[in-house]
$ cat structure.txt   # compact mmCIF, C-alpha atoms
# COMPACT_ATOMS: atom_id res chain seq x y z
CA MET X 1 -3.96 16.98 21.53
CA PRO X 2 -0.53 15.95 20.31
CA LEU X 3 1.09 12.84 21.69
CA PHE X 4 -1.76 12.21 24.14
CA GLU X 5 -2.83 8.76 22.94
CA ARG X 6 0.75 7.67 22.40
CA LEU X 7 1.89 8.90 25.80
CA TYR X 8 -1.06 7.13 27.40
CA ASN X 9 -0.28 3.87 25.58
CA PHE X 10 3.37 4.13 26.67
CA ALA X 11 2.33 4.92 30.25
CA ARG X 12 0.06 1.85 30.39
CA TRP X 13 2.88 -0.37 29.16
CA LEU X 14 5.16 1.04 31.85
CA ALA X 15 2.71 1.02 34.74
CA HIS X 16 0.44 -1.97 33.92
CA ASP X 17 -2.43 -0.13 35.56
CA ARG X 18 -5.07 2.24 34.17
CA GLU X 19 -5.27 4.62 37.11
CA GLU X 20 -1.54 4.78 37.52
CA ALA X 21 -1.10 5.42 33.79
CA GLU X 22 -3.63 8.25 33.97
CA ASP X 23 -1.73 9.75 36.90
CA LEU X 24 1.49 9.51 34.93
CA VAL X 25 0.05 11.24 31.87
CA GLN X 26 -1.62 13.92 33.96
CA GLU X 27 1.58 14.60 35.83
CA THR X 28 3.55 14.63 32.58
CA TYR X 29 1.37 17.38 31.10
CA ALA X 30 1.44 19.29 34.37
CA LYS X 31 5.23 19.12 34.49
CA ALA X 32 5.49 20.06 30.81
CA LEU X 33 3.37 23.15 31.40
CA LYS X 34 5.22 24.03 34.55
CA GLY X 35 8.73 23.34 33.35
CA PHE X 36 8.41 24.54 29.81
CA SER X 37 11.30 26.92 30.37
CA SER X 38 13.60 23.89 30.60
CA PHE X 39 12.69 22.88 27.07
CA GLN X 40 15.36 24.02 24.68
CA PRO X 41 13.91 25.25 21.40
CA GLY X 42 15.36 23.32 18.49
CA THR X 43 15.62 20.10 20.47
CA ASN X 44 13.21 17.21 20.14
CA PHE X 45 9.84 18.03 21.72
CA ARG X 46 8.55 14.46 21.50
CA ALA X 47 11.67 13.06 23.22
CA TRP X 48 11.29 15.76 25.89
CA MET X 49 7.69 14.75 26.65
CA TYR X 50 8.53 11.04 26.77
CA ARG X 51 11.50 11.79 29.03
CA ILE X 52 9.24 13.63 31.46
CA LEU X 53 6.78 10.73 31.48
CA ARG X 54 9.51 8.15 31.95
CA ASN X 55 11.22 10.08 34.75
CA THR X 56 7.87 10.48 36.45
CA PHE X 57 7.35 6.73 36.20
CA LEU X 58 10.84 5.95 37.49
CA ASN X 59 10.17 8.08 40.56
CA SER X 60 6.80 6.46 41.20
CA ARG X 61 6.42 3.52 43.55
CA THR X 62 5.85 1.08 40.68
CA GLY X 63 8.80 2.49 38.79
CA LEU X 64 11.11 2.22 41.77
CA GLN X 65 9.99 -1.38 42.35
CA ALA X 66 10.41 -2.28 38.68
CA THR X 67 13.91 -0.89 38.41
CA ALA X 68 15.08 -1.97 41.86
CA THR X 69 14.49 -5.64 41.14
CA VAL X 70 16.12 -5.80 37.71
CA PRO X 71 19.81 -4.98 37.44
CA LEU X 72 20.92 -3.40 34.19
CA GLU X 73 23.52 -5.36 32.28
CA LEU X 74 26.93 -4.02 31.39
CA GLU X 75 25.44 -2.62 28.25
CA GLU X 76 28.29 -0.54 26.89
CA ARG X 77 30.05 -3.75 26.01
CA ASP X 78 28.99 -5.71 22.95
CA ALA X 79 27.29 -2.70 21.43
CA THR X 80 26.40 -4.76 18.37
CA LEU X 81 25.54 -8.23 19.46
CA PRO X 82 25.05 -10.77 16.72
CA THR X 83 21.62 -12.36 16.85
CA ALA X 84 22.53 -15.49 14.90
CA ALA X 85 22.18 -17.58 18.07
CA ASP X 86 18.49 -16.62 18.18
CA THR X 87 17.60 -18.00 14.78
CA PRO X 88 15.79 -19.77 13.25
CA GLU X 89 12.84 -18.15 14.98
CA SER X 90 10.47 -17.54 12.12
CA LEU X 91 8.18 -20.36 13.17
CA LEU X 92 8.11 -19.07 16.73
CA LEU X 93 6.98 -15.63 15.53
CA GLN X 94 4.55 -16.97 12.97
CA ARG X 95 2.81 -18.93 15.68
CA ALA X 96 2.82 -16.07 18.16
CA ASP X 97 -0.51 -14.27 18.13
CA GLY X 98 -0.95 -10.68 19.23
CA GLN X 99 -2.00 -11.60 22.76
CA LEU X 100 1.08 -13.77 23.21
CA VAL X 101 3.38 -10.95 22.09
CA GLN X 102 1.61 -8.57 24.48
CA ASP X 103 2.04 -11.06 27.33
CA ALA X 104 5.69 -11.49 26.44
CA LEU X 105 6.18 -7.69 26.43
CA LEU X 106 4.74 -7.53 29.93
CA ARG X 107 7.08 -10.30 31.09
CA ILE X 108 10.36 -8.66 30.13
CA PRO X 109 12.07 -6.07 32.36
CA VAL X 110 10.78 -2.54 32.06
CA HIS X 111 14.03 -1.14 30.63
CA HIS X 112 13.80 -3.69 27.81
CA ARG X 113 10.09 -3.06 27.26
CA GLU X 114 10.48 0.70 27.04
CA VAL X 115 13.32 0.62 24.51
CA LEU X 116 11.37 -1.80 22.29
CA LEU X 117 8.23 0.34 22.47
CA LEU X 118 10.09 3.55 21.69
CA CYS X 119 11.86 1.97 18.72
CA GLU X 120 9.10 -0.18 17.22
CA VAL X 121 5.82 1.39 18.31
CA GLU X 122 6.85 5.05 18.52
CA GLU X 123 9.21 4.53 15.59
CA MET X 124 11.88 6.69 17.20
CA SER X 125 15.36 6.82 15.73
CA TYR X 126 18.28 5.67 17.88
CA ARG X 127 19.09 9.35 18.42
CA GLU X 128 15.58 10.07 19.73
CA VAL X 129 15.63 6.99 21.97
CA SER X 130 19.01 8.12 23.26
CA ALA X 131 17.58 11.56 24.08
CA THR X 132 14.46 10.10 25.69
CA LEU X 133 16.22 7.57 27.88
CA ALA X 134 19.27 9.79 28.46
CA ILE X 135 21.67 7.02 27.48
CA PRO X 136 24.42 6.93 24.82
CA MET X 137 23.62 5.69 21.31
CA GLY X 138 25.83 2.62 21.82
CA THR X 139 23.77 1.70 24.86
CA VAL X 140 20.55 2.13 22.86
CA MET X 141 21.85 -0.41 20.33
CA SER X 142 23.02 -2.95 22.88
CA ARG X 143 19.88 -2.56 24.99
CA LEU X 144 17.69 -3.04 21.93
CA SER X 145 19.60 -6.16 21.01
CA ARG X 146 19.20 -7.57 24.52
CA ALA X 147 15.56 -6.55 24.65
CA ARG X 148 14.79 -8.38 21.42
CA ARG X 149 16.57 -11.43 22.73
CA ALA X 150 14.63 -11.22 26.03
CA LEU X 151 11.34 -10.94 24.14
CA ARG X 152 12.13 -13.99 22.03
CA GLU X 153 12.98 -15.89 25.19
CA ALA X 154 9.71 -14.79 26.84
CA LEU X 155 7.75 -15.84 23.73
CA ARG X 156 9.45 -19.20 23.77
CA GLU X 157 8.59 -19.70 27.45
CA LEU X 158 4.96 -18.69 26.94
CA GLN X 159 4.57 -20.98 23.95
CA LYS X 160 6.12 -23.82 25.91
CA GLY X 161 3.58 -23.17 28.68
CA GLN X 162 0.72 -23.16 26.16
CA THR X 163 1.90 -26.44 24.64
CA GLN X 164 2.11 -28.10 28.05
CA LYS X 165 -1.38 -26.89 28.98
CA GLY X 166 -2.80 -27.98 25.63
CA MET Y 167 33.55 -13.48 7.01
CA ALA Y 168 30.87 -11.35 5.36
CA CYS Y 169 28.27 -12.95 7.62
CA GLU Y 170 30.30 -12.03 10.69
CA LEU Y 171 30.47 -8.47 9.43
CA TRP Y 172 26.76 -8.08 8.70
CA SER Y 173 25.23 -10.26 11.38
CA GLY Y 174 26.04 -7.68 14.03
CA LYS Y 175 24.59 -4.90 11.90
CA LEU Y 176 21.28 -6.47 10.95
CA ASP Y 177 19.45 -4.76 13.82
CA ALA Y 178 20.68 -1.37 12.65
CA TYR Y 179 19.91 -2.23 9.02
CA PHE Y 180 16.30 -3.17 9.70
CA ASP Y 181 15.93 -0.21 12.08
CA GLY Y 182 16.95 2.04 9.18
CA GLU Y 183 20.01 3.25 11.05
CA LEU Y 184 22.84 2.19 8.74
CA PRO Y 185 24.46 4.83 6.52
CA ALA Y 186 23.28 4.60 2.91
CA ASP Y 187 26.41 2.95 1.51
CA GLU Y 188 26.49 0.35 4.29
CA ALA Y 189 22.76 -0.28 3.88
CA ARG Y 190 23.26 -0.96 0.17
CA ALA Y 191 26.11 -3.39 0.89
CA CYS Y 192 24.03 -5.10 3.58
CA ALA Y 193 21.07 -5.45 1.20
CA GLU Y 194 23.37 -7.00 -1.38
CA HIS Y 195 24.70 -9.48 1.20
CA LEU Y 196 21.15 -10.38 2.26
CA ARG Y 197 20.25 -11.18 -1.33
CA GLN Y 198 23.14 -13.62 -1.55
CA CYS Y 199 23.28 -15.19 1.91
CA PRO Y 200 20.44 -17.54 2.93
CA ILE Y 201 21.58 -17.63 6.58
CA CYS Y 202 21.57 -13.86 7.01
CA SER Y 203 18.36 -13.48 4.97
CA ALA Y 204 16.64 -15.98 7.29
CA GLU Y 205 17.89 -13.98 10.24
CA GLY Y 206 16.64 -10.83 8.53
CA LEU Y 207 13.22 -12.36 8.03
CA ASP Y 208 13.11 -13.16 11.73
CA GLN Y 209 14.04 -9.56 12.57
CA LEU Y 210 11.27 -8.19 10.34
CA GLN Y 211 8.68 -10.52 11.82
CA LEU Y 212 9.68 -9.56 15.35
CA LYS Y 213 9.54 -5.85 14.54
CA ARG Y 214 6.10 -6.20 12.98
CA ALA Y 215 4.80 -8.32 15.87
CA ILE Y 216 5.94 -5.70 18.42
CA ARG Y 217 4.52 -2.84 16.37
CA ILE Y 218 1.11 -4.49 16.16
CA ALA Y 219 1.05 -5.71 19.77
CA GLY Y 220 2.37 -2.40 21.12
CA HIS Y 221 -0.61 -0.32 19.99
CA ARG Y 222 -2.78 -1.72 22.74
CA PHE Y 223 -4.16 0.88 25.11
CA THR Y 224 -6.61 3.69 24.45
CA ALA Y 225 -7.33 6.39 26.98
CA ASP Y 226 -10.77 6.85 28.45
CA PRO Y 227 -12.51 9.75 26.63
CA GLU Y 228 -13.35 11.41 29.96
CA PHE Y 229 -9.73 11.34 30.98
CA ARG Y 230 -8.70 12.78 27.63
CA ALA Y 231 -11.24 15.57 27.98
CA ARG Y 232 -9.91 16.36 31.46
CA ILE Y 233 -6.34 16.70 30.22
CA GLU Y 234 -7.40 18.64 27.14
CA LYS Y 235 -9.23 21.08 29.32
CA ARG Y 236 -6.18 21.51 31.45
CA VAL Y 237 -3.78 21.94 28.53
CA ALA Y 238 -6.11 24.31 26.72
CA GLY Y 239 -5.86 26.52 29.76
CA ARG Y 240 -9.53 26.59 30.68
CA GLU Y 241 -8.48 26.01 34.25
CA SER Y 242 -5.56 28.37 33.98
CA LEU Y 243 -7.62 31.46 34.86
CA ALA Y 244 -7.08 30.52 38.44
CA TRP Y 245 -3.37 30.25 37.87
CA PRO Y 246 -0.97 33.04 38.70
CA SER Y 247 -0.64 35.38 35.73
CA ARG Y 248 3.12 34.78 35.62
CA TRP Y 249 2.35 31.33 34.15
CA LEU Y 250 0.40 32.80 31.25
CA PRO Y 251 3.39 33.37 28.92
CA ALA Y 252 4.67 29.86 29.62
CA LEU Y 253 1.21 28.43 29.05
CA MET Y 254 0.88 30.25 25.74
CA ALA Y 255 4.33 29.09 24.71
CA VAL Y 256 3.62 25.45 25.56
CA THR Y 257 0.29 25.60 23.75
CA ALA Y 258 2.11 26.93 20.69
CA MET Y 259 4.64 24.11 21.03
CA LEU Y 260 1.86 21.56 21.36
CA LEU Y 261 0.31 22.91 18.19
CA VAL Y 262 3.65 22.63 16.41
CA GLY Y 263 3.93 19.14 17.85
CA ALA Y 264 0.47 18.34 16.49
CA LEU Y 265 1.50 19.48 13.05
CA ILE Y 266 4.69 17.43 13.21
CA LEU Y 267 2.78 14.43 14.49
CA ALA Y 268 0.09 14.80 11.84
CA ARG Y 269 2.83 14.81 9.26
CA TYR Y 270 4.74 11.84 10.60
CA ARG Y 271 2.01 9.70 12.10
CA PRO Y 272 1.40 6.86 9.68
CA ASN Y 273 -2.07 7.00 8.19
CA PRO Y 274 -3.93 3.71 7.55
CA GLU Y 275 -2.76 3.61 3.95
CA ALA Y 276 0.86 4.27 4.90
CA GLN Y 277 0.70 1.55 7.57
CA MET Y 278 -0.80 -0.86 5.09
CA LEU Y 279 1.86 -0.08 2.47
CA SER Y 280 4.56 -0.49 5.09
CA GLU Y 281 3.18 -3.90 5.99
CA LEU Y 282 3.04 -4.93 2.33
CA ALA Y 283 6.61 -3.72 1.86
CA ASP Y 284 7.61 -5.88 4.85
CA GLN Y 285 5.88 -8.86 3.30
CA HIS Y 286 7.58 -8.22 -0.03
CA VAL Y 287 11.00 -8.03 1.69
CA ALA Y 288 10.20 -11.20 3.63
CA THR Y 289 9.40 -12.94 0.35
CA LEU Y 290 12.66 -11.74 -1.21
CA ALA Y 291 14.58 -12.93 1.83
CA SER Y 292 12.89 -16.31 2.03
CA ALA Y 293 14.58 -19.47 0.79
CA ASN Y 294 11.09 -20.61 -0.33
CA PRO Y 295 9.49 -17.43 -1.63
CA VAL Y 296 6.41 -19.13 -3.14
CA ASP Y 297 4.25 -22.11 -2.20
CA VAL Y 298 3.16 -22.87 -5.75
CA VAL Y 299 6.03 -22.69 -8.21
CA SER Y 300 4.83 -22.30 -11.77
CA THR Y 301 5.10 -19.97 -14.72
CA ASP Y 302 1.67 -21.16 -15.88
CA ARG Y 303 -1.25 -18.99 -14.79
CA HIS Y 304 -3.53 -22.03 -15.30
CA THR Y 305 -1.59 -23.78 -12.52
CA VAL Y 306 -1.19 -20.85 -10.16
CA LYS Y 307 -4.79 -19.60 -10.20
CA PRO Y 308 -6.45 -22.97 -9.40
CA TRP Y 309 -3.92 -23.53 -6.58
CA PHE Y 310 -5.60 -20.72 -4.63
CA GLU Y 311 -9.05 -22.36 -4.79
CA GLY Y 312 -10.26 -23.11 -1.28
CA LYS Y 313 -7.34 -21.21 0.24
CA ILE Y 314 -8.69 -17.68 -0.23
CA PRO Y 315 -12.33 -16.51 -0.19
CA PHE Y 316 -12.29 -15.02 -3.72
CA THR Y 317 -10.96 -15.66 -7.18
CA PHE Y 318 -9.07 -13.47 -9.63
CA ASN Y 319 -7.82 -13.46 -13.20
CA LEU Y 320 -4.19 -13.46 -14.25
CA PRO Y 321 -2.89 -12.00 -17.50
CA GLU Y 322 -1.19 -14.00 -20.21
CA SER Y 323 2.42 -12.93 -19.75
CA GLN Y 324 4.04 -14.82 -22.64
CA ASP Y 325 4.39 -11.75 -24.86
CA SER Y 326 5.51 -9.48 -22.06
CA PRO Y 327 8.82 -9.15 -20.21
CA PHE Y 328 7.12 -10.40 -17.04
CA GLU Y 329 7.59 -13.99 -15.95
CA LEU Y 330 5.22 -15.48 -13.40
CA VAL Y 331 7.31 -17.20 -10.70
CA GLY Y 332 4.50 -18.52 -8.50
CA GLY Y 333 2.31 -17.54 -5.59
CA LYS Y 334 1.41 -18.04 -1.97
CA VAL Y 335 -1.29 -17.12 0.49
CA SER Y 336 -0.69 -13.82 2.26
CA TYR Y 337 -2.50 -12.07 5.10
CA LEU Y 338 -3.44 -8.44 5.71
CA ASN Y 339 -5.57 -7.37 8.67
CA GLN Y 340 -6.01 -11.07 9.51
CA SER Y 341 -7.67 -11.67 6.10
CA PRO Y 342 -6.23 -14.06 3.54
CA GLY Y 343 -5.26 -12.93 0.08
CA ALA Y 344 -2.97 -13.86 -2.78
CA GLU Y 345 0.63 -12.87 -3.26
CA LEU Y 346 1.93 -13.49 -6.76
CA ILE Y 347 5.57 -13.11 -7.69
CA PHE Y 348 6.57 -11.88 -11.12
CA ARG Y 349 10.11 -11.48 -12.40
CA VAL Y 350 11.20 -8.82 -14.85
CA ARG Y 351 14.86 -9.00 -15.80
CA LYS Y 352 16.53 -9.49 -12.36
CA HIS Y 353 13.81 -7.76 -10.33
CA GLN Y 354 11.08 -9.52 -8.42
CA ILE Y 355 7.69 -7.87 -8.10
CA SER Y 356 5.00 -8.88 -5.63
CA VAL Y 357 1.36 -8.55 -6.59
CA PHE Y 358 -0.99 -8.64 -3.60
CA ILE Y 359 -4.72 -9.18 -4.04
CA PHE Y 360 -7.11 -8.77 -1.10
CA GLN Y 361 -10.82 -8.21 -0.66
CA GLU Y 362 -11.55 -4.51 -0.20
CA GLN Y 363 -13.56 -5.25 2.92
CA ALA Y 364 -10.40 -6.69 4.54
CA LEU Y 365 -8.65 -3.34 4.38
CA GLY Y 366 -10.64 -1.61 7.09
CA LYS Y 367 -10.45 2.16 7.11
CA ALA Y 368 -7.68 2.53 4.55
CA PRO Y 369 -8.75 4.75 1.66
CA LEU Y 370 -9.26 2.95 -1.62
CA ASN Y 371 -7.81 5.43 -4.07
CA GLU Y 372 -5.70 4.63 -7.04
CA ILE Y 373 -2.17 4.90 -5.64
CA THR Y 374 1.16 5.62 -7.26
CA THR Y 375 3.67 5.98 -4.53
CA ASN Y 376 6.78 4.72 -2.79
CA ALA Y 377 6.95 2.72 0.43
CA LEU Y 378 10.35 2.16 2.02
CA SER Y 379 11.93 3.00 -1.35
CA PHE Y 380 9.83 0.42 -3.20
CA THR Y 381 7.59 1.55 -6.01
CA VAL Y 382 3.94 0.77 -5.34
CA ARG Y 383 0.85 0.78 -7.51
CA GLY Y 384 -2.63 0.10 -6.20
CA TRP Y 385 -6.16 0.05 -7.52
CA SER Y 386 -9.57 -1.49 -6.85
CA ARG Y 387 -11.56 -3.66 -9.23
CA ASN Y 388 -14.67 -5.78 -8.66
CA GLY Y 389 -14.44 -5.69 -4.87
CA LEU Y 390 -10.77 -6.62 -4.89
CA ARG Y 391 -7.82 -4.41 -4.03
CA TYR Y 392 -4.62 -4.92 -6.02
CA PHE Y 393 -1.14 -3.81 -4.94
CA VAL Y 394 1.97 -4.12 -7.07
CA ILE Y 395 5.23 -3.54 -5.21
CA GLY Y 396 8.86 -3.94 -6.16
CA ASP Y 397 12.18 -2.29 -6.84
CA ALA Y 398 11.81 -2.49 -10.63
CA SER Y 399 11.38 0.75 -12.58
CA PRO Y 400 8.06 2.63 -12.23
CA GLN Y 401 7.50 2.01 -15.96
CA ASP Y 402 7.76 -1.75 -15.41
CA LEU Y 403 5.29 -1.58 -12.55
CA ASP Y 404 2.92 0.46 -14.70
CA LYS Y 405 3.12 -2.11 -17.49
CA LEU Y 406 2.46 -5.02 -15.14
CA SER Y 407 -0.40 -3.08 -13.53
CA ASP Y 408 -1.95 -2.47 -16.97
CA LEU Y 409 -1.71 -6.19 -17.79
CA LEU Y 410 -3.41 -7.09 -14.50
CA LYS Y 411 -6.11 -4.44 -14.96
CA ALA Y 412 -6.84 -5.69 -18.46
CA ALA Y 413 -7.19 -9.26 -17.20
CA SER Y 414 -9.44 -8.43 -14.25
$ encode --input "structure.txt" --output "structure tokens"
Amino acid sequence: MPLFERLYNFARWLAHDREEAEDLVQETYAKALKGFSSFQPGTNFRAWMYRILRNTFLNSRTGLQATATVPLELEERDATLPTAADTPESLLLQRADGQLVQDALLRIPVHHREVLLLCEVEEMSYREVSATLAIPMGTVMSRLSRARRALREALRELQKGQTQKG
Amino acid sequence: MACELWSGKLDAYFDGELPADEARACAEHLRQCPICSAEGLDQLQLKRAIRIAGHRFTADPEFRARIEKRVAGRESLAWPSRWLPALMAVTAMLLVGALILARYRPNPEAQMLSELADQHVATLASANPVDVVSTDRHTVKPWFEGKIPFTFNLPESQDSPFELVGGKVSYLNQSPGAELIFRVRKHQISVFIFQEQALGKAPLNEITTNALSFTVRGWSRNGLRYFVIGDASPQDLDKLSDLLKAAS
């Protein structure tokens, strides 16, 4: 079944919870079947499915809580933010094991997490991310830049915590 | 000034979103600028870390079966018949989606080659590309003793256009291996050697392919898997591969 595993993985990252992720995926397929007439042939089917899942999440209780507590930045400004201030970070990333990166992903706001997952894990182009999240391409770029910065910051915090414990 | 220009575009460059001419200019700048190449290395490491960490959750098989049943329409007999055309259409779309996904979903070998290409780029971008710097194979080979769980033979490269630059320990699927750097004219070529058992489910065919525009050669010999990757000509990679095969 196309996209199933990937949609499920994405749903788990959004919802943090197995049952809720299953509900999201189930509802996504139900809505896709029901609303297939709204799909425009020639447009991106994958982006359409992810958009349904994401909108379903945003309208869920967890989604409303997640987005209500984190204000979006003024993202249209600074569409291409230099990342020089974040380097050198190679050591930070070399030391970060998979679990630490997963923990850091769960720490950052959901709108940062989702754009990173769509770009890096789903390997979507900026255009596909733009279609999935229904935001302009410039916003995709600035949000990605901020999301990467937020992830680095979360990794740094987690590693600091580990060092203090150790 | 050039750094200011490219620093803001590194994200787009490593995301593969820069137009071809800009990407070429950016690659040229990265080769010359240690500050931006260090930043680029950081970007690549972050991208790889997210890609690996992001593939985390697998659905319960029972849940999958439930959804499959629903999508396949086994429960749709109870549905109003007016949904049938839509159901057939969406099933057709899902099949098309499956074909597209099957085409674009990276297989284990493609993922592995992509990772090796990342490592090769990281080496090119690094200010210290090798941990043992020597053109002498009798220095480089012993350096790996105790650092990797196998040994390998290196060819005599004196009568060939290939110059051994050095080597370092590399990792693939959490298993250590050797990365050797050779230079031919102005091109650098990485040779990766890993134990076959470290490569998991990836097929172990002889490969002649491209990964992220790099030329790649791969083969197995005596329980070891060799990969040669670089932007030199395919003929150069073939020659170096033949030298390595003859030595192993």
$ interface_residues --input "structure.txt" --of "chain Y" --to "chain X" --cutoff "8 Å" --atoms "all atoms listed in the file" --output "compact mmCIF listing (two decimals) with C-alpha atoms, in the frame of the given file"
# COMPACT_ATOMS: atom_id res chain seq x y z
CA SER Y 173 25.23 -10.26 11.38
CA GLY Y 174 26.04 -7.68 14.03
CA LYS Y 175 24.59 -4.90 11.90
CA ASP Y 177 19.45 -4.76 13.82
CA ALA Y 178 20.68 -1.37 12.65
CA ASP Y 181 15.93 -0.21 12.08
CA GLU Y 183 20.01 3.25 11.05
CA ALA Y 204 16.64 -15.98 7.29
CA GLU Y 205 17.89 -13.98 10.24
CA LEU Y 207 13.22 -12.36 8.03
CA ASP Y 208 13.11 -13.16 11.73
CA GLN Y 211 8.68 -10.52 11.82
CA LEU Y 212 9.68 -9.56 15.35
CA LYS Y 213 9.54 -5.85 14.54
CA ARG Y 214 6.10 -6.20 12.98
CA ALA Y 215 4.80 -8.32 15.87
CA ILE Y 216 5.94 -5.70 18.42
CA ARG Y 217 4.52 -2.84 16.37
CA ILE Y 218 1.11 -4.49 16.16
CA ALA Y 219 1.05 -5.71 19.77
CA GLY Y 220 2.37 -2.40 21.12
CA HIS Y 221 -0.61 -0.32 19.99
CA ARG Y 222 -2.78 -1.72 22.74
CA PHE Y 223 -4.16 0.88 25.11
CA THR Y 224 -6.61 3.69 24.45
CA ALA Y 225 -7.33 6.39 26.98
CA PHE Y 229 -9.73 11.34 30.98
CA ARG Y 230 -8.70 12.78 27.63
CA ILE Y 233 -6.34 16.70 30.22
CA GLU Y 234 -7.40 18.64 27.14
CA VAL Y 237 -3.78 21.94 28.53
CA TRP Y 249 2.35 31.33 34.15
CA ALA Y 252 4.67 29.86 29.62
CA LEU Y 253 1.21 28.43 29.05
CA ALA Y 255 4.33 29.09 24.71
CA VAL Y 256 3.62 25.45 25.56
CA LEU Y 260 1.86 21.56 21.36
CA LEU Y 261 0.31 22.91 18.19
CA GLY Y 263 3.93 19.14 17.85
CA ALA Y 264 0.47 18.34 16.49
CA LEU Y 267 2.78 14.43 14.49
$ atom_distance --input "structure.txt" --atom1 "CA of Lys334 (chain Y)" --atom2 "CA of Phe393 (chain Y)"
14.8 Å
$ residues_near_point --input "structure.txt" --point "(-5.9, -10.6, -10.9)" --cutoff "7 Å" --atoms "all atoms listed in the file" --output "list in words"
Phe318, Asn319, Leu320, Leu410, Ala413 and Ser414 of chain Y
$ atom_distance --input "structure.txt" --atom1 "CA of Trp172 (chain Y)" --atom2 "CA of Cys192 (chain Y)"
6.5 Å
$ atom_distance --input "structure.txt" --atom1 "CA of Glu329 (chain Y)" --atom2 "CA of Pro308 (chain Y)"
17.9 Å
$ residues_around --input "structure.txt" --residues "region 282-296 of chain Y" --least-positions-apart "2" --cutoff "6 Å" --atoms "only C-alpha atoms" --output "list of chain:residue names"
Y:Ser203, Y:Leu207, Y:Leu279, Y:Ser280, Y:Val298, Y:Gly332, Y:Gly333, Y:Lys334
$ closest_residue --input "structure.txt" --among "Y:Pro200, Y:Val306, Y:Met254, Y:His195" --to "Glu345 (chain Y)" --atoms "only C-alpha atoms"
Y:Val306
$ residues_near_point --input "structure.txt" --point "(-2.4, -8.9, -16.2)" --cutoff "10 Å" --atoms "only C-alpha atoms" --output "PDB file with C-alpha atoms, in the coordinates of the input"
ATOM      1  CA  ASN Y 319      -7.820 -13.460 -13.200  1.00  0.00           C
ATOM      2  CA  LEU Y 320      -4.190 -13.460 -14.250  1.00  0.00           C
ATOM      3  CA  PRO Y 321      -2.890 -12.000 -17.500  1.00  0.00           C
ATOM      4  CA  GLU Y 322      -1.190 -14.000 -20.210  1.00  0.00           C
ATOM      5  CA  SER Y 323       2.420 -12.930 -19.750  1.00  0.00           C
ATOM      6  CA  SER Y 326       5.510  -9.480 -22.060  1.00  0.00           C
ATOM      7  CA  PHE Y 328       7.120 -10.400 -17.040  1.00  0.00           C
ATOM      8  CA  LYS Y 405       3.120  -2.110 -17.490  1.00  0.00           C
ATOM      9  CA  LEU Y 406       2.460  -5.020 -15.140  1.00  0.00           C
ATOM     10  CA  SER Y 407      -0.400  -3.080 -13.530  1.00  0.00           C
ATOM     11  CA  ASP Y 408      -1.950  -2.470 -16.970  1.00  0.00           C
ATOM     12  CA  LEU Y 409      -1.710  -6.190 -17.790  1.00  0.00           C
ATOM     13  CA  LEU Y 410      -3.410  -7.090 -14.500  1.00  0.00           C
ATOM     14  CA  LYS Y 411      -6.110  -4.440 -14.960  1.00  0.00           C
ATOM     15  CA  ALA Y 412      -6.840  -5.690 -18.460  1.00  0.00           C
ATOM     16  CA  ALA Y 413      -7.190  -9.260 -17.200  1.00  0.00           C
ATOM     17  CA  SER Y 414      -9.440  -8.430 -14.250  1.00  0.00           C
TER      18      SER Y 414
END
$ axis_aligned_box --input "structure.txt" --around "region 13-30 of chain X" --padding-each-side "8 Å" --output "lines of an AutoDock Vina configuration file"
center_x = -0.1
center_y = 8.7
center_z = 33.3
size_x = 26.4
size_y = 37.3
size_z = 24.4
$ decode --input "structure.txt" --residues "region 214-222 of chain Y" --atoms "N, CA and C atoms" --output "PDB file, in the first residue's frame"
ATOM      1  N   ARG Y 214      22.166  14.099   7.412  1.00  0.00           N
ATOM      2  CA  ARG Y 214      22.261  12.640   7.539  1.00  0.00           C
ATOM      3  C   ARG Y 214      21.704  12.170   8.881  1.00  0.00           C
ATOM      4  N   ALA Y 215      22.028  12.933   9.940  1.00  0.00           N
ATOM      5  CA  ALA Y 215      21.551  12.549  11.275  1.00  0.00           C
ATOM      6  C   ALA Y 215      20.020  12.557  11.323  1.00  0.00           C
ATOM      7  N   ILE Y 216      19.405  13.569  10.698  1.00  0.00           N
ATOM      8  CA  ILE Y 216      17.928  13.642  10.714  1.00  0.00           C
ATOM      9  C   ILE Y 216      17.344  12.499   9.883  1.00  0.00           C
ATOM     10  N   ARG Y 217      17.983  12.250   8.732  1.00  0.00           N
ATOM     11  CA  ARG Y 217      17.450  11.191   7.852  1.00  0.00           C
ATOM     12  C   ARG Y 217      17.459   9.839   8.572  1.00  0.00           C
ATOM     13  N   ILE Y 218      18.554   9.569   9.280  1.00  0.00           N
ATOM     14  CA  ILE Y 218      18.654   8.280   9.969  1.00  0.00           C
ATOM     15  C   ILE Y 218      17.682   8.229  11.145  1.00  0.00           C
ATOM     16  N   ALA Y 219      17.681   9.318  11.945  1.00  0.00           N
ATOM     17  CA  ALA Y 219      16.832   9.328  13.149  1.00  0.00           C
ATOM     18  C   ALA Y 219      15.346   9.366  12.785  1.00  0.00           C
ATOM     19  N   GLY Y 220      15.027   9.951  11.624  1.00  0.00           N
ATOM     20  CA  GLY Y 220      13.619  10.164  11.272  1.00  0.00           C
ATOM     21  C   GLY Y 220      12.877   8.900  10.882  1.00  0.00           C
ATOM     22  N   HIS Y 221      13.615   7.887  10.395  1.00  0.00           N
ATOM     23  CA  HIS Y 221      12.965   6.619  10.046  1.00  0.00           C
ATOM     24  C   HIS Y 221      12.838   5.795  11.320  1.00  0.00           C
ATOM     25  N   ARG Y 222      11.882   6.088  12.140  1.00  0.00           N
ATOM     26  CA  ARG Y 222      11.858   5.514  13.480  1.00  0.00           C
ATOM     27  C   ARG Y 222      10.689   4.564  13.712  1.00  0.00           C
TER      28      ARG Y 222
END
